[in-house]
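**Q** The following file, start05.txt, comprises compact mmCIF, C-alpha atoms and all ligand atoms:
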```
# COMPACT_ATOMS: atom_id res chain seq x y z
CA MET G 300 95.93 -67.88 -64.11
CA GLU G 301 99.54 -66.94 -64.65
CA ARG G 302 101.17 -64.07 -62.72
CA LYS G 303 101.49 -61.84 -65.79
CA GLN G 304 97.88 -62.40 -66.73
CA PHE G 305 96.78 -61.81 -63.12
CA LEU G 306 98.65 -58.49 -62.94
CA LYS G 307 97.14 -57.43 -66.27
CA THR G 308 93.64 -57.96 -64.89
CA LEU G 309 94.42 -55.71 -61.91
CA GLY G 310 95.53 -52.78 -64.00
CA ALA G 311 98.85 -50.96 -64.09
CA GLY G 312 98.53 -49.09 -60.77
CA ALA G 313 97.62 -52.13 -58.72
CA ALA G 314 100.26 -54.23 -60.43
CA PHE G 315 102.91 -51.63 -59.60
CA ALA G 316 101.76 -51.47 -55.99
CA LEU G 317 101.93 -55.24 -55.67
CA THR G 318 105.28 -55.52 -57.38
CA PHE G 319 107.07 -52.56 -55.76
CA PRO G 320 105.36 -52.01 -52.40
CA CYS G 321 108.23 -50.07 -50.75
CA VAL G 322 109.95 -48.14 -53.52
CA HIS G 323 110.44 -45.04 -51.35
CA GLY G 324 110.64 -46.83 -48.00
CA CYS G 325 107.53 -48.18 -46.39
CA SER G 326 107.14 -45.72 -43.55
CA LYS G 327 108.66 -42.49 -44.85
CA ASP G 328 105.55 -41.24 -46.65
CA GLU G 329 103.23 -42.15 -43.82
CA ALA G 330 102.60 -39.87 -40.85
CA PRO G 331 105.02 -40.93 -38.14
CA THR G 332 103.64 -42.29 -34.93
CA GLY G 333 104.80 -40.85 -31.64
CA ASN G 334 105.65 -37.31 -30.64
CA ILE G 335 108.65 -35.05 -30.96
CA VAL G 336 109.77 -34.37 -27.41
CA GLU G 337 112.66 -32.86 -25.48
CA GLU G 338 115.39 -35.17 -24.26
CA PRO G 339 114.89 -35.55 -20.50
CA THR G 340 117.47 -33.94 -18.24
CA GLY G 341 118.46 -34.79 -14.70
CA VAL G 342 117.28 -38.38 -15.06
CA ASP G 343 117.46 -40.16 -11.71
CA PHE G 344 114.75 -42.59 -10.68
CA THR G 345 114.39 -45.96 -9.03
CA ILE G 346 112.28 -48.93 -10.01
CA ASP G 347 111.20 -51.61 -7.55
CA LEU G 348 111.71 -54.80 -9.55
CA THR G 349 109.05 -56.56 -7.49
CA SER G 350 106.40 -53.98 -8.44
CA SER G 351 103.84 -54.39 -11.20
CA GLU G 352 105.40 -51.58 -13.27
CA ALA G 353 108.55 -53.72 -13.54
CA ALA G 354 106.73 -56.87 -14.67
CA ASN G 355 108.19 -56.68 -18.19
CA LEU G 356 111.70 -56.68 -16.72
CA ALA G 357 111.24 -60.19 -15.36
CA SER G 358 112.29 -61.78 -18.65
CA ASN G 359 115.40 -61.29 -20.72
CA GLY G 360 114.60 -59.01 -23.64
CA GLY G 361 111.82 -57.24 -21.75
CA PHE G 362 111.65 -53.49 -21.31
CA ILE G 363 109.54 -50.74 -19.79
CA LEU G 364 109.18 -47.04 -20.57
CA LYS G 365 109.52 -44.61 -17.70
CA ASN G 366 110.20 -40.86 -17.71
CA LEU G 367 111.16 -41.04 -21.43
CA VAL G 368 113.75 -43.74 -20.69
CA VAL G 369 113.72 -47.28 -22.08
CA VAL G 370 114.74 -49.56 -19.22
CA VAL G 371 115.74 -52.98 -20.47
CA LYS G 372 116.71 -56.41 -19.24
CA ASN G 373 118.84 -57.40 -22.19
CA LEU G 374 119.13 -60.85 -23.70
CA GLU G 375 121.96 -61.71 -21.29
CA GLY G 376 119.88 -60.64 -18.29
CA GLU G 377 121.75 -57.38 -17.64
CA TYR G 378 119.90 -54.14 -17.03
CA ILE G 379 120.57 -51.26 -19.40
CA ALA G 380 118.79 -47.98 -20.13
CA ALA G 381 118.69 -45.50 -22.98
CA SER G 382 116.71 -42.47 -24.00
CA GLN G 383 113.29 -43.09 -25.48
CA VAL G 384 113.92 -39.89 -27.47
CA CYS G 385 115.57 -40.75 -30.77
CA SER G 386 118.79 -38.93 -31.60
CA HIS G 387 117.62 -38.59 -35.20
CA GLN G 388 114.56 -36.31 -35.01
CA ALA G 389 113.58 -36.55 -31.34
CA TYR G 390 110.56 -38.80 -31.72
CA ASP G 391 109.79 -40.71 -28.52
CA GLN G 392 109.75 -44.05 -30.31
CA VAL G 393 113.00 -45.77 -29.31
CA ARG G 394 112.40 -49.31 -28.11
CA PHE G 395 114.50 -52.40 -27.39
CA VAL G 396 114.17 -55.13 -30.01
CA ASN G 397 115.45 -58.68 -30.17
CA GLN G 398 117.61 -58.27 -33.27
CA ASP G 399 121.36 -58.71 -33.66
CA GLY G 400 121.79 -59.66 -30.02
CA GLY G 401 119.45 -56.90 -28.84
CA ILE G 402 119.49 -53.31 -30.06
CA PHE G 403 117.65 -50.04 -29.59
CA TYR G 404 115.42 -49.24 -32.55
CA CYS G 405 113.25 -46.31 -33.60
CA ASP G 406 110.57 -47.23 -36.12
CA VAL G 407 109.87 -43.66 -37.26
CA HIS G 408 112.72 -43.71 -39.79
CA GLY G 409 114.48 -46.95 -38.85
CA SER G 410 117.41 -45.77 -36.71
CA ARG G 411 119.23 -48.61 -34.98
CA PHE G 412 121.63 -48.32 -32.06
CA GLU G 413 123.93 -50.63 -30.17
CA GLN G 414 123.22 -51.12 -26.49
CA ASN G 415 125.84 -48.47 -25.67
CA GLY G 416 124.04 -45.96 -27.92
CA THR G 417 126.40 -46.18 -30.90
CA PRO G 418 124.44 -45.69 -34.14
CA LEU G 419 124.33 -48.72 -36.43
CA ASN G 420 122.95 -47.00 -39.52
CA GLN G 421 122.23 -43.72 -41.23
CA VAL G 422 118.66 -42.97 -42.18
CA ASP G 423 119.01 -39.81 -44.27
CA GLY G 424 122.64 -39.61 -45.28
CA ASN G 425 123.70 -37.42 -42.37
CA PRO G 426 126.08 -38.70 -39.70
CA ALA G 427 123.98 -40.52 -37.14
CA LYS G 428 124.10 -39.21 -33.59
CA VAL G 429 124.69 -41.32 -30.50
CA LEU G 430 121.64 -42.35 -28.50
CA LYS G 431 121.88 -41.23 -24.89
CA VAL G 432 122.36 -44.08 -22.44
CA TYR G 433 122.04 -43.98 -18.67
CA ASN G 434 123.82 -45.53 -15.71
CA ILE G 435 122.30 -48.43 -13.85
CA GLU G 436 122.74 -49.41 -10.23
CA LEU G 437 121.09 -52.51 -8.80
CA THR G 438 120.74 -52.76 -5.03
CA GLY G 439 118.67 -55.79 -4.05
CA ASP G 440 115.41 -55.38 -5.96
CA MET G 441 115.85 -51.66 -6.45
CA LEU G 442 117.08 -50.55 -9.85
CA ARG G 443 118.35 -46.99 -10.07
CA VAL G 444 118.60 -45.28 -13.46
CA PHE G 445 120.60 -42.09 -13.52
CA GLU G 446 122.85 -39.80 -15.56
S1 LIG G 501 113.20 -40.01 -35.26
FE1 LIG G 501 113.92 -42.00 -34.85
S2 LIG G 501 114.63 -42.69 -36.76
FE2 LIG G 501 113.98 -40.68 -37.14
```
Kindly present the structure from the file in C-alpha cells form.
**A**
Amino acid sequence: MERKQFLKTLGAGAAFALTFPCVHGCSKDEAPTGNIVEEPTGVDFTIDLTSSEAANLASNGGFILKNLVVVVKNLEGEYIAASQVCSHQAYDQVRFVNQDGGIFYCDVHGSRFEQNGTPLNQVDGNPAKVLKVYNIELTGDMLRVFE
C-alpha cells in the first residue's frame, strides 16, 4: 500500500495527526509536569560525596536534586549547581542534560541554559531570564553549595 493510499484509509484527522504531530509544539498544549514553586533563598548546604544521596554524582554528567537545587558533576568532572526553579515560569523542572557539552534544561516549555545560567533560547518571545547558579566549594569529600 502506498503512503497516500494508506493515509486515505485512515481518514483526514488521523492523516493530519500523523503528518503534522507537533504543529503547535509537542508539550505546550499538554498539562505541564512539575510544580510552580518559589525560588529558594539562603541556599547553603553540604553534601557528603561518599553518601548514598550523592551516588549520581560519581559519574560525569550525573546530577542530584536537593533543596530545589540541581547539583551536577558536569561532563568535565567539575561540580556546578543551579536552581531547579526555572527562570521562565518557576516550574521546578530544571535538570542537567548531556547536550551541547552539558546544559541546564527545563522540559515544561523547553528553556535551555548554559552552565553559568545564561539563557540559550527564548520560549515565548520575551527576553529569557538568567537561571540562578550557586557557588561550589569542595573540601575533601564534602561539597558545599551556597549563594
Ligand atoms: S517553566 Fe521552564 S521553560 Fe517554562
**Q** Please determine, counting all atoms listed in the file, which residue among G:Val369, G:Ala427, G:Leu364, G:Ile435 has the shortest atom-to-atom distance to ligand LIG 501 (chain G).
**A**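 For ligand LIG 501 (chain G), the nearest of the candidates is G:Ala427.
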**Q** Taking only C-alpha atoms and all ligand atoms into account, list the residues no farther than 6 Å from ligand LIG 501 (chain G), as a list in words.
**A**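 So the residues close to ligand LIG 501 (chain G) are Cys385, His387, Gln388, Ala389, Tyr390, Cys405, Val407, His408, Gly409 and Ser410 of chain G.
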**Q** When you look at Asp440 in chain G with a cut-off of 7 Å (counting all atoms listed in the file), what residues show up, excluding the ones that are within fewer than 4 positions of it in the same chain? I need them as a list in words.
**A**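 Near neighbours after the sequence-gap exclusion: Asp347, Leu348 and Thr349 of chain G.
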**Q** Once you count all atoms listed in the file, which residues end up no further than 12 Å from (117.9, -52.6, -30.9) in the file's frame, shown as number ranges by chain?
**A** G: 360-362, 369, 371, 373-374, 379-381, 383, 392-406, 409-420, 430
**Q** Which residue out of G:Thr438, G:Phe445, G:Asn359, G:Pro426 has the minimum interatomic distance to Gly376 in chain G when all atoms listed in the file are used?
**A**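 The answer is G:Asn359, which sits nearest to Gly376 in chain G.
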**Q** To one decimal place in Å, what is the distance between CA of Glu338 in chain G and CA of Asn366 in chain G?
**A**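 Straight-line distance from CA of Glu338 in chain G to CA of Asn366 in chain G works out to 10.1 Å.
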**Q** Could you please determine the separation between CA of Val370 in chain G and CA of Asn334 in chain G in Å, to one decimal place?
**A** 19.1 Å
**Q** One number please: CA of Val429 in chain G to CA of Val384 in chain G, in Å, one decimal.
**A**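 If I compute the distance from CA of Val429 in chain G to CA of Val384 in chain G, I get 11.3 Å.
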